>>> print(open('protein_14.csv').read())   # CSV, C-alpha atoms
chain,number,residue,atom,x,y,z
Q,70,MET,CA,137.2,189.9,317.9
Q,71,ASP,CA,140.7,189.6,316.6
Q,72,ASP,CA,141.6,193.1,315.6
Q,73,ASP,CA,142.9,192.1,312.2
Q,74,ARG,CA,139.9,190.0,311.0
Q,75,TRP,CA,137.2,192.3,309.8
Q,76,PRO,CA,133.9,191.1,308.3
Q,77,GLY,CA,134.1,190.5,304.6
Q,78,GLU,CA,131.3,192.9,303.7
Q,79,TRP,CA,133.1,195.8,305.5
Q,80,MET,CA,136.3,195.1,303.6
Q,81,ARG,CA,134.5,194.9,300.3
Q,82,GLY,CA,133.0,198.3,301.0
Q,83,VAL,CA,136.2,200.2,301.7
Q,84,LEU,CA,139.1,198.1,300.4
Q,85,ALA,CA,139.2,199.7,296.9
Q,86,LEU,CA,139.4,203.1,298.5
Q,87,CYS,CA,142.1,202.1,300.9
Q,88,VAL,CA,144.2,200.5,298.1
Q,89,LEU,CA,143.9,203.7,296.0
Q,90,SER,CA,144.8,205.7,299.1
Q,91,VAL,CA,148.0,203.6,299.5
Q,92,VAL,CA,148.9,204.0,295.8
Q,93,ALA,CA,148.2,207.8,296.0
Q,94,GLU,CA,150.9,208.0,298.8
Q,95,GLY,CA,153.5,207.2,296.2
Q,96,GLU,CA,154.2,204.8,293.3
Q,97,THR,CA,154.1,201.2,294.7
Q,98,TYR,CA,153.6,197.6,293.7
Q,99,GLY,CA,151.2,194.8,294.7
Q,100,TYR,CA,153.0,193.1,297.6
Q,101,ALA,CA,154.0,196.5,299.2
Q,102,VAL,CA,150.3,197.6,299.1
Q,103,ALA,CA,149.3,194.4,300.9
Q,104,GLN,CA,152.0,195.0,303.5
Q,105,ARG,CA,150.9,198.6,304.0
Q,106,LEU,CA,147.3,197.5,304.5
Q,107,GLU,CA,148.4,195.0,307.1
Q,108,ASP,CA,150.5,197.5,308.9
Q,109,ALA,CA,147.5,199.8,309.0
Q,110,GLY,CA,145.6,197.1,310.9
Q,111,LEU,CA,143.3,196.1,308.1
Q,112,GLY,CA,144.5,192.5,308.2
Q,113,ARG,CA,146.2,190.3,305.5
Q,114,VAL,CA,144.8,191.0,302.1
Q,115,LYS,CA,145.5,188.1,299.7
Q,116,GLY,CA,146.7,188.4,296.1
Q,117,GLY,CA,143.5,187.0,294.9
Q,118,THR,CA,141.6,189.9,296.4
Q,119,LEU,CA,144.2,192.6,295.8
Q,120,TYR,CA,144.9,192.3,292.1
Q,121,PRO,CA,141.3,192.3,290.9
Q,122,ILE,CA,140.9,195.6,292.9
Q,123,LEU,CA,144.0,197.1,291.3
Q,124,THR,CA,142.8,195.8,287.9
Q,125,ARG,CA,139.4,197.5,288.4
Q,126,LEU,CA,141.0,200.7,289.5
Q,127,GLU,CA,143.1,200.6,286.4
Q,128,THR,CA,140.2,200.0,284.0
Q,129,ASP,CA,138.3,202.8,285.7
Q,130,GLY,CA,141.3,205.1,285.0
Q,131,HIS,CA,142.1,205.7,288.7
Q,132,VAL,CA,145.6,204.2,288.5
Q,133,THR,CA,148.2,203.5,285.8
Q,134,SER,CA,150.7,200.7,285.8
Q,135,SER,CA,154.1,199.8,284.3
Q,136,TRP,CA,156.4,196.8,284.6
Q,137,ARG,CA,159.9,197.3,285.8
Q,138,GLU,CA,162.9,194.9,286.2
Q,139,GLY,CA,163.4,193.6,289.7
Q,140,ASP,CA,166.9,193.1,291.2
Q,141,ALA,CA,166.2,189.4,291.0
Q,142,GLY,CA,163.1,187.5,290.1
Q,143,PRO,CA,160.4,188.3,287.5
Q,144,GLY,CA,160.1,192.1,287.9
Q,145,ARG,CA,157.4,194.2,289.5
Q,146,LYS,CA,154.3,196.0,288.3
Q,147,PHE,CA,154.3,199.5,289.7
Q,148,PHE,CA,151.0,201.5,290.2
Q,149,SER,CA,150.6,205.2,290.5
Q,150,ALA,CA,147.4,207.3,291.0
Q,151,THR,CA,146.1,209.4,288.1
Q,152,PRO,CA,144.7,213.0,288.7
Q,153,ALA,CA,141.2,211.5,288.1
Q,154,GLY,CA,142.0,208.8,290.7
Q,155,ARG,CA,143.0,211.4,293.2
Q,156,ARG,CA,139.8,213.4,292.7
Q,157,TRP,CA,137.7,210.3,293.1
Q,158,LEU,CA,139.7,209.3,296.3
Q,159,ALA,CA,139.1,212.8,297.8
Q,160,GLU,CA,135.4,212.7,297.1
Q,161,ARG,CA,134.9,209.1,298.2
Q,162,SER,CA,137.0,209.6,301.4
Q,163,GLU,CA,134.9,212.5,302.4
Q,164,ALA,CA,131.7,210.6,301.7
Q,165,TRP,CA,133.0,207.6,303.6
Q,166,ASP,CA,133.9,209.8,306.6
Q,167,THR,CA,130.3,211.2,306.7
Q,168,PHE,CA,128.9,207.7,306.4
Q,169,THR,CA,131.0,206.1,309.2
Q,170,ARG,CA,130.3,209.0,311.6
Q,171,ARG,CA,126.5,208.7,311.0
Q,172,ALA,CA,126.7,204.9,311.5
Q,173,ALA,CA,128.8,205.4,314.6
Q,174,ALA,CA,126.3,207.9,316.0
Q,175,LEU,CA,123.6,205.2,315.6
Q,176,LEU,CA,125.5,202.3,317.1
Q,177,PRO,CA,125.7,201.7,320.9
Q,178,SER,CA,128.7,203.3,322.5
Q,179,THR,CA,131.7,201.0,322.9
Q,180,VAL,CA,132.3,202.5,326.4
Q,181,LEU,CA,130.1,200.5,328.8
Q,182,PRO,CA,128.1,202.5,331.2
Q,183,ARG,CA,129.8,202.5,334.6
Q,184,ASP,CA,126.8,201.3,336.6
Q,185,ARG,CA,126.4,198.1,334.5
Q,186,SER,CA,130.1,197.2,334.3
Q,187,THR,CA,130.5,197.4,338.1
Q,188,ALA,CA,127.2,195.7,338.9
Y,93,MET,CA,159.7,177.8,287.8
Y,94,SER,CA,158.1,175.3,290.1
Y,95,THR,CA,155.5,172.9,288.7
Y,96,ASP,CA,152.9,174.2,291.0
Y,97,LEU,CA,153.2,177.7,289.5
Y,98,GLU,CA,153.3,176.3,286.0
Y,99,THR,CA,150.1,174.3,286.6
Y,100,TYR,CA,148.4,177.3,288.2
Y,101,ARG,CA,149.3,179.6,285.3
Y,102,ALA,CA,148.1,177.1,282.7
Y,103,ARG,CA,144.8,176.7,284.5
Y,104,LEU,CA,144.4,180.4,284.9
Y,105,LEU,CA,145.2,181.1,281.3
Y,106,LEU,CA,142.6,178.6,280.1
Y,107,ALA,CA,139.9,179.9,282.5
Y,108,LEU,CA,140.5,183.6,281.4
Y,109,ARG,CA,140.5,182.6,277.7
Y,110,MET,CA,137.1,180.9,278.2
Y,111,ARG,CA,135.8,184.2,279.8
Y,112,ASP,CA,136.8,186.2,276.7
Y,113,VAL,CA,139.4,188.2,278.6
Y,114,PRO,CA,141.7,190.0,276.1
Y,115,GLY,CA,145.2,188.4,275.6
Y,116,VAL,CA,147.0,191.5,276.9
Y,117,ARG,CA,145.0,191.3,280.2
Y,118,ILE,CA,145.7,187.6,280.5
Y,119,GLY,CA,149.4,188.3,280.1
Y,120,GLU,CA,149.2,190.9,282.9
Y,121,ALA,CA,147.4,188.5,285.2
Y,122,LEU,CA,149.9,185.7,284.7
Y,123,ALA,CA,152.8,188.1,285.3
Y,124,GLU,CA,151.1,189.4,288.4
Y,125,VAL,CA,150.9,185.9,289.8
Y,126,ASP,CA,154.6,185.3,288.9
Y,127,SER,CA,155.7,188.5,290.6
Y,128,HIS,CA,153.6,188.1,293.7
Y,129,VAL,CA,154.6,184.5,294.3
Y,130,ALA,CA,158.3,185.3,293.8
Y,131,GLU,CA,158.0,188.2,296.2
Y,132,THR,CA,156.1,186.4,299.0
Y,133,GLY,CA,157.2,182.8,298.5
Y,134,GLU,CA,153.5,181.8,298.9
Y,135,ASP,CA,151.9,178.9,297.1
Y,136,PRO,CA,149.9,180.4,294.1
Y,137,ARG,CA,146.8,178.5,295.2
Y,138,ASP,CA,147.0,180.0,298.8
Y,139,ALA,CA,147.6,183.5,297.5
Y,140,PHE,CA,145.1,183.6,294.7
Y,141,GLY,CA,142.7,180.8,295.4
Y,142,ASP,CA,141.3,178.3,292.9
Y,143,PRO,CA,142.3,179.5,289.4
Y,144,VAL,CA,138.8,179.2,288.0
Y,145,ALA,CA,137.3,181.3,290.9
Y,146,TYR,CA,140.2,183.8,290.5
Y,147,ALA,CA,139.5,184.0,286.8
Y,148,ASP,CA,135.8,184.8,287.6
Y,149,ARG,CA,136.8,187.6,289.9
Y,150,LEU,CA,139.3,189.1,287.5
Y,151,ALA,CA,136.9,188.9,284.6
Y,152,GLY,CA,134.3,190.6,286.8
Y,153,SER,CA,136.8,193.4,287.6
Y,154,LEU,CA,137.2,193.9,283.8
Y,155,ASP,CA,133.5,194.1,283.1
Y,156,ALA,CA,133.3,197.9,283.3
Y,157,ALA,CA,135.8,198.2,280.5
Y,158,GLY,CA,138.4,196.4,278.5
Y,159,ARG,CA,136.5,193.1,278.0
Y,160,ASP,CA,135.3,191.7,274.7
Y,161,ASP,CA,131.5,191.6,274.8
Y,162,ALA,CA,131.1,189.7,271.5
Y,163,SER,CA,128.9,186.7,272.2
Y,164,THR,CA,130.3,183.8,270.3
Y,165,GLY,CA,128.4,180.5,270.2
Y,166,GLY,CA,126.2,178.5,268.0
Y,167,TRP,CA,125.0,179.9,264.7
Y,168,ARG,CA,125.7,183.5,265.9
Y,169,GLY,CA,129.3,182.5,266.4
Y,170,TRP,CA,129.5,181.2,262.8
Y,171,TRP,CA,127.9,184.3,261.4
Y,172,GLU,CA,130.3,186.5,263.4
Y,173,ALA,CA,133.2,184.6,262.1
Y,174,LEU,CA,132.0,184.9,258.5
Y,175,ARG,CA,131.5,188.7,259.0
Y,176,ALA,CA,135.0,189.1,260.5
Y,177,MET,CA,136.5,187.6,257.3
Y,178,SER,CA,138.0,189.9,254.7
Y,179,ARG,CA,136.5,190.1,251.2
Y,180,LEU,CA,139.6,188.4,249.8
Y,181,SER,CA,139.2,185.5,252.2
Y,182,LEU,CA,135.5,185.2,251.3
Y,183,ALA,CA,136.4,185.1,247.7
Y,184,MET,CA,138.9,182.4,248.5
Y,185,LEU,CA,136.3,180.1,249.9
Y,186,PRO,CA,135.1,178.8,246.4
Y,187,VAL,CA,138.8,178.6,245.4
Y,188,LEU,CA,139.6,176.4,248.4
Y,189,PHE,CA,136.6,174.2,247.7
Y,190,LEU,CA,137.5,173.8,244.1
Y,191,ALA,CA,141.2,173.3,244.8
Y,192,GLY,CA,140.4,170.7,247.5
Y,193,TRP,CA,138.1,168.9,245.0
Y,194,VAL,CA,140.8,168.9,242.2
Y,195,LEU,CA,143.5,167.8,244.6
Y,196,GLY,CA,141.4,165.0,246.1
Y,197,SER,CA,140.4,163.8,242.6
Y,198,GLY,CA,144.1,164.0,241.5
Y,199,LEU,CA,145.4,162.0,244.4
Y,200,ILE,CA,142.8,159.2,243.9
Y,201,SER,CA,143.4,159.1,240.2
Y,202,LEU,CA,147.2,159.0,240.9
Y,203,GLY,CA,146.5,155.8,242.9
Y,204,ALA,CA,144.1,154.4,240.4
Y,205,GLY,CA,146.2,155.3,237.4
Y,206,THR,CA,143.2,157.1,235.7
Y,207,THR,CA,142.4,160.6,234.5
Y,208,ALA,CA,141.3,163.1,237.2
Y,209,THR,CA,138.3,165.4,237.2
Y,210,PHE,CA,137.8,167.9,234.3
Y,211,GLY,CA,139.8,165.5,232.2
Y,212,LEU,CA,143.1,166.6,233.8
Y,213,ALA,CA,146.1,164.2,234.0
Y,214,ALA,CA,146.5,163.1,237.6
Y,215,PRO,CA,149.8,164.7,238.3
Y,216,TRP,CA,148.5,168.0,236.9
Y,217,ALA,CA,145.4,167.8,239.1
Y,218,VAL,CA,147.6,167.3,242.2
Y,219,LEU,CA,149.8,170.2,241.2
Y,220,LEU,CA,146.9,172.5,240.4
Y,221,GLY,CA,144.9,171.6,243.5
Y,222,GLY,CA,147.9,171.8,245.7
Y,223,ALA,CA,148.8,175.3,244.4
Y,224,GLY,CA,145.2,176.5,244.9
Y,225,LEU,CA,145.0,175.1,248.4
Y,226,THR,CA,148.4,176.7,249.4
Y,227,LEU,CA,147.1,180.1,248.0
Y,228,GLY,CA,143.9,179.9,249.9
Y,229,ALA,CA,145.5,178.6,253.1
Y,230,SER,CA,148.1,181.4,253.1
Y,231,GLN,CA,145.3,184.0,252.9
Y,232,ALA,CA,143.4,182.3,255.7
Y,233,LEU,CA,146.6,182.2,257.8
Y,234,HIS,CA,147.2,185.9,257.1
Y,235,ASP,CA,143.6,186.7,258.3
Y,236,ALA,CA,144.0,184.4,261.4
Y,237,ARG,CA,147.3,186.3,262.4
Y,238,ARG,CA,145.5,189.6,262.1
Y,239,GLU,CA,142.5,188.4,264.2
Y,240,ALA,CA,144.7,186.6,266.8
Y,241,ASP,CA,144.7,187.8,270.3
Y,242,PRO,CA,148.0,186.4,271.6
Y,243,VAL,CA,148.8,186.2,275.4
Y,244,LEU,CA,151.9,188.3,275.6
Y,245,ASP,CA,154.2,188.7,278.7
Y,246,PRO,CA,154.1,192.4,279.6
Y,247,ARG,CA,157.7,192.2,280.8
Y,248,THR,CA,159.3,190.5,277.8
Y,249,GLY,CA,156.7,190.6,275.0
Y,250,ALA,CA,157.1,186.8,274.7
Y,251,ASP,CA,154.1,184.7,273.6
Y,252,LEU,CA,152.9,182.9,276.7
Y,253,ALA,CA,150.7,180.5,274.9
Y,254,PRO,CA,152.6,179.5,271.7
Y,255,VAL,CA,151.4,176.5,269.6
Y,256,SER,CA,153.7,173.7,270.6
Y,257,ARG,CA,156.0,172.0,268.1
Y,258,THR,CA,154.4,168.7,268.9
Y,259,ALA,CA,150.9,170.0,268.1
Y,260,LEU,CA,152.1,171.5,264.9
Y,261,ALA,CA,153.9,168.3,263.9
Y,262,LEU,CA,150.8,166.3,264.6
Y,263,ILE,CA,148.6,168.6,262.5
Y,264,VAL,CA,151.0,168.5,259.5
Y,265,ALA,CA,151.5,164.7,259.9
Y,266,GLY,CA,147.7,164.2,260.1
Y,267,HIS,CA,147.1,166.1,256.8
Y,268,LEU,CA,149.9,164.3,255.0
Y,269,ALA,CA,148.5,161.0,256.2
Y,270,GLY,CA,145.1,162.0,254.9
Y,271,LEU,CA,146.5,162.9,251.4
Y,272,GLY,CA,148.5,159.6,251.3
Y,273,GLY,CA,145.3,157.8,252.3
Y,274,LEU,CA,143.5,159.2,249.2
Y,275,VAL,CA,146.3,157.8,246.9
Y,276,LEU,CA,145.9,154.4,248.7
Y,277,LEU,CA,142.1,154.6,248.3
Y,278,GLY,CA,142.4,155.3,244.6
Y,279,TYR,CA,144.8,152.3,244.3
Y,280,LEU,CA,142.4,150.0,246.1
Y,281,LEU,CA,139.4,151.1,244.1
Y,282,ARG,CA,141.3,151.1,240.7
Y,283,PRO,CA,139.1,149.9,237.8
>>> encode(input="protein_14.csv", output="structure tokens")
Amino acid sequence: MDDDRWPGEWMRGVLALCVLSVVAEGETYGYAVAQRLEDAGLGRVKGGTLYPILTRLETDGHVTSSWREGDAGPGRKFFSATPAGRRWLAERSEAWDTFTRRAAALLPSTVLPRDRSTA
Amino acid sequence: MSTDLETYRARLLLALRMRDVPGVRIGEALAEVDSHVAETGEDPRDAFGDPVAYADRLAGSLDAAGRDDASTGGWRGWWEALRAMSRLSLAMLPVLFLAGWVLGSGLISLGAGTTATFGLAAPWAVLLGGAGLTLGASQALHDARREADPVLDPRTGADLAPVSRTALALIVAGHLAGLGGLVLLGYLLRP
């Protein structure tokens, strides 16, 4: 599988948490969040997916936003994490960690047994 | 602004309006599209997908909070609209009805050269009816402005969906033509 194309249902499960995590690293704007996710190996996240997530995070009180003039062009909307958002991020990250470790323990190991791979 | 972007924004605005998304949020969404497209150089349709599907997703992300949940349609919609009117506007409804009646009668009598309703001279009926209608209409306009939910650009505060001059001119011209038509009708039906 191409490393940057993850199944949609996996992305839906964890993307909001990853977006919030990027915003919690420091005030940032939509396109920079998408770039950061791509650099992290999560693949290209399109605007049509990213902005509804940011909107949801904002209506839930996890992030706040403000518009600022750009050097050129129509300006940027900057997002920053709220204290409540940081708390939610910490809780959910811990839960996600537990969840993925349990799932990994159940899945077949990615390292193939030596006797089969050499047969 | 490229035509692609303009078309996309117009479709998105309409789709979000139809999903009862508040004007402030619509302004945000349009500005986000602007900003993202300027930054990436992408085609808005490639970046955000079909505007109607995107509006669905955005409206869905607002469901938890910040979305008008008032159901407006059919008789319920009419009832809600009546309830939303101020007492002054409700009191104005009979005034508007009466003024419309007097004005209509005055205009027809003006064409026919007869006396208007309530035994009024035609020019007086036109004047009185016109004044009553203006009074009622200004109150309705005042109410409409208060209830309006404009789509404002979060960056500049500009109205992103203003009533076009052409539309306004057509509305005014249509009404004036209607009033002129009443005079003509009176003239054609004169005793």
>>> closest_residue(input="protein_14.csv", among="Y:Asp135, Y:Glu239, Y:Asp126, Y:Asp112", to="chain Q", atoms="all atoms listed in the file")
Y:Asp126
>>> atom_distance(input="protein_14.csv", atom1="CA of Ala213 (chain Y)", atom2="CA of Ser197 (chain Y)")
10.3 Å
>>> atom_distance(input="protein_14.csv", atom1="CA of Phe148 (chain Q)", atom2="CA of Gly99 (chain Q)")
8.1 Å
>>> closest_atom_pairs(input="protein_14.csv", of="chain Y", to="chain Q", cutoff="7 Å", atoms="only C-alpha atoms", output="Markdown table")
| residue | atom | partner | partner_atom | distance |
| --- | --- | --- | --- | --- |
| Y:Asp126 | CA | Q:Pro143 | CA | 6.7 |
| Y:Ser127 | CA | Q:Pro143 | CA | 5.6 |
| Y:His128 | CA | Q:Tyr100 | CA | 6.4 |
| Y:Ala130 | CA | Q:Gly142 | CA | 6.4 |
| Y:Ala139 | CA | Q:Gly116 | CA | 5.2 |
| Y:Phe140 | CA | Q:Gly117 | CA | 3.8 |
| Y:Gly141 | CA | Q:Gly117 | CA | 6.3 |
| Y:Tyr146 | CA | Q:Gly117 | CA | 6.4 |
| Y:Arg149 | CA | Q:Pro121 | CA | 6.6 |
| Y:Leu150 | CA | Q:Pro121 | CA | 5.1 |
| Y:Ser153 | CA | Q:Arg125 | CA | 4.9 |
| Y:Leu154 | CA | Q:Arg125 | CA | 6.2 |
| Y:Ala157 | CA | Q:Thr128 | CA | 5.9 |
| Y:Gly158 | CA | Q:Thr128 | CA | 6.8 |
| Y:Arg247 | CA | Q:Trp136 | CA | 6.1 |
>>> atom_distance(input="protein_14.csv", atom1="CA of Gly224 (chain Y)", atom2="CA of Val187 (chain Y)")
6.8 Å
>>> closest_residue(input="protein_14.csv", among="Y:Ser201, Y:Thr207, Y:Ala269, Y:Pro242", to="Leu105 (chain Y)", atoms="only C-alpha atoms")
Y:Pro242
>>> closest_residue(input="protein_14.csv", among="Y:Tyr100, Y:Arg168, Y:Met177, Y:Thr95", to="Leu233 (chain Y)", atoms="only C-alpha atoms")
Y:Met177
>>> residues_around(input="protein_14.csv", residues="region 152-163 of chain Q", least_positions_apart="4", cutoff="9 Å", atoms="all atoms listed in the file", output="PyMOL selection string")
chain Q and resi 86-87+89-90+93+126+129-132+167-168
>>> residues_around(input="protein_14.csv", residues="Arg103 (chain Y)", least_positions_apart="6", cutoff="12 Å", atoms="all atoms listed in the file", output="mmCIF file with C-alpha atoms, in the frame of the given file")
data_model
loop_
_atom_site.group_PDB
_atom_site.id
_atom_site.type_symbol
_atom_site.label_atom_id
_atom_site.label_comp_id
_atom_site.auth_asym_id
_atom_site.auth_seq_id
_atom_site.Cartn_x
_atom_site.Cartn_y
_atom_site.Cartn_z
ATOM 1 C CA ASP Y 96 152.900 174.200 291.000
ATOM 2 C CA LEU Y 97 153.200 177.700 289.500
ATOM 3 C CA ARG Y 109 140.500 182.600 277.700
ATOM 4 C CA MET Y 110 137.100 180.900 278.200
ATOM 5 C CA ILE Y 118 145.700 187.600 280.500
ATOM 6 C CA LEU Y 122 149.900 185.700 284.700
ATOM 7 C CA PRO Y 136 149.900 180.400 294.100
ATOM 8 C CA ARG Y 137 146.800 178.500 295.200
ATOM 9 C CA GLY Y 141 142.700 180.800 295.400
ATOM 10 C CA ASP Y 142 141.300 178.300 292.900
ATOM 11 C CA PRO Y 143 142.300 179.500 289.400
ATOM 12 C CA VAL Y 144 138.800 179.200 288.000
ATOM 13 C CA ALA Y 145 137.300 181.300 290.900
ATOM 14 C CA TYR Y 146 140.200 183.800 290.500
ATOM 15 C CA ALA Y 147 139.500 184.000 286.800
ATOM 16 C CA ALA Y 253 150.700 180.500 274.900
#
>>> build_atoms(input="protein_14.csv", residues="region 83-105 of chain Q", atoms="N, CA and C atoms", output="short mmCIF file (atom, residue, chain, number, x, y, z; two decimals), keeping the file's coordinate frame")
data_model
loop_
_atom_site.label_atom_id
_atom_site.label_comp_id
_atom_site.auth_asym_id
_atom_site.auth_seq_id
_atom_site.Cartn_x
_atom_site.Cartn_y
_atom_site.Cartn_z
N VAL Q 83 135.20 199.08 301.57
CA VAL Q 83 136.20 200.20 301.70
C VAL Q 83 137.55 199.82 301.13
N LEU Q 84 137.76 198.54 300.75
CA LEU Q 84 139.10 198.10 300.40
C LEU Q 84 139.64 198.86 299.14
N ALA Q 85 138.78 199.03 298.12
CA ALA Q 85 139.20 199.70 296.90
C ALA Q 85 139.72 201.12 297.23
N LEU Q 86 138.99 201.78 298.11
CA LEU Q 86 139.40 203.10 298.50
C LEU Q 86 140.69 203.14 299.25
N CYS Q 87 140.88 202.16 300.15
CA CYS Q 87 142.10 202.10 300.90
C CYS Q 87 143.31 201.75 299.99
N VAL Q 88 143.09 200.84 299.02
CA VAL Q 88 144.20 200.50 298.10
C VAL Q 88 144.55 201.73 297.27
N LEU Q 89 143.56 202.45 296.79
CA LEU Q 89 143.90 203.70 296.00
C LEU Q 89 144.59 204.69 296.88
N SER Q 90 144.20 204.77 298.14
CA SER Q 90 144.80 205.70 299.10
C SER Q 90 146.32 205.37 299.23
N VAL Q 91 146.63 204.06 299.35
CA VAL Q 91 148.00 203.60 299.50
C VAL Q 91 148.80 203.98 298.21
N VAL Q 92 148.19 203.71 297.05
CA VAL Q 92 148.90 204.00 295.80
C VAL Q 92 149.08 205.52 295.64
N ALA Q 93 148.12 206.30 296.15
CA ALA Q 93 148.20 207.80 296.00
C ALA Q 93 149.34 208.34 296.91
N GLU Q 94 149.77 207.55 297.94
CA GLU Q 94 150.90 208.00 298.80
C GLU Q 94 152.19 208.04 298.02
N GLY Q 95 152.28 207.26 296.97
CA GLY Q 95 153.50 207.20 296.20
C GLY Q 95 153.51 205.93 295.38
N GLU Q 96 154.18 205.94 294.22
CA GLU Q 96 154.20 204.80 293.30
C GLU Q 96 154.60 203.52 294.12
N THR Q 97 153.85 202.45 293.91
CA THR Q 97 154.10 201.20 294.70
C THR Q 97 153.67 200.01 293.90
N TYR Q 98 153.95 198.80 294.45
CA TYR Q 98 153.60 197.60 293.70
C TYR Q 98 152.74 196.68 294.66
N GLY Q 99 152.16 195.65 294.07
CA GLY Q 99 151.20 194.80 294.70
C GLY Q 99 151.49 194.39 296.15
N TYR Q 100 152.65 193.70 296.30
CA TYR Q 100 153.00 193.10 297.60
C TYR Q 100 153.17 194.26 298.64
N ALA Q 101 153.76 195.39 298.23
CA ALA Q 101 154.00 196.50 299.20
C ALA Q 101 152.63 197.11 299.60
N VAL Q 102 151.65 197.11 298.70
CA VAL Q 102 150.30 197.60 299.10
C VAL Q 102 149.71 196.69 300.13
N ALA Q 103 149.85 195.36 299.93
CA ALA Q 103 149.30 194.40 300.90
C ALA Q 103 149.97 194.59 302.27
N GLN Q 104 151.28 194.81 302.27
CA GLN Q 104 152.00 195.00 303.50
C GLN Q 104 151.54 196.30 304.23
N ARG Q 105 151.35 197.34 303.43
CA ARG Q 105 150.90 198.60 304.00
C ARG Q 105 149.54 198.50 304.62
#
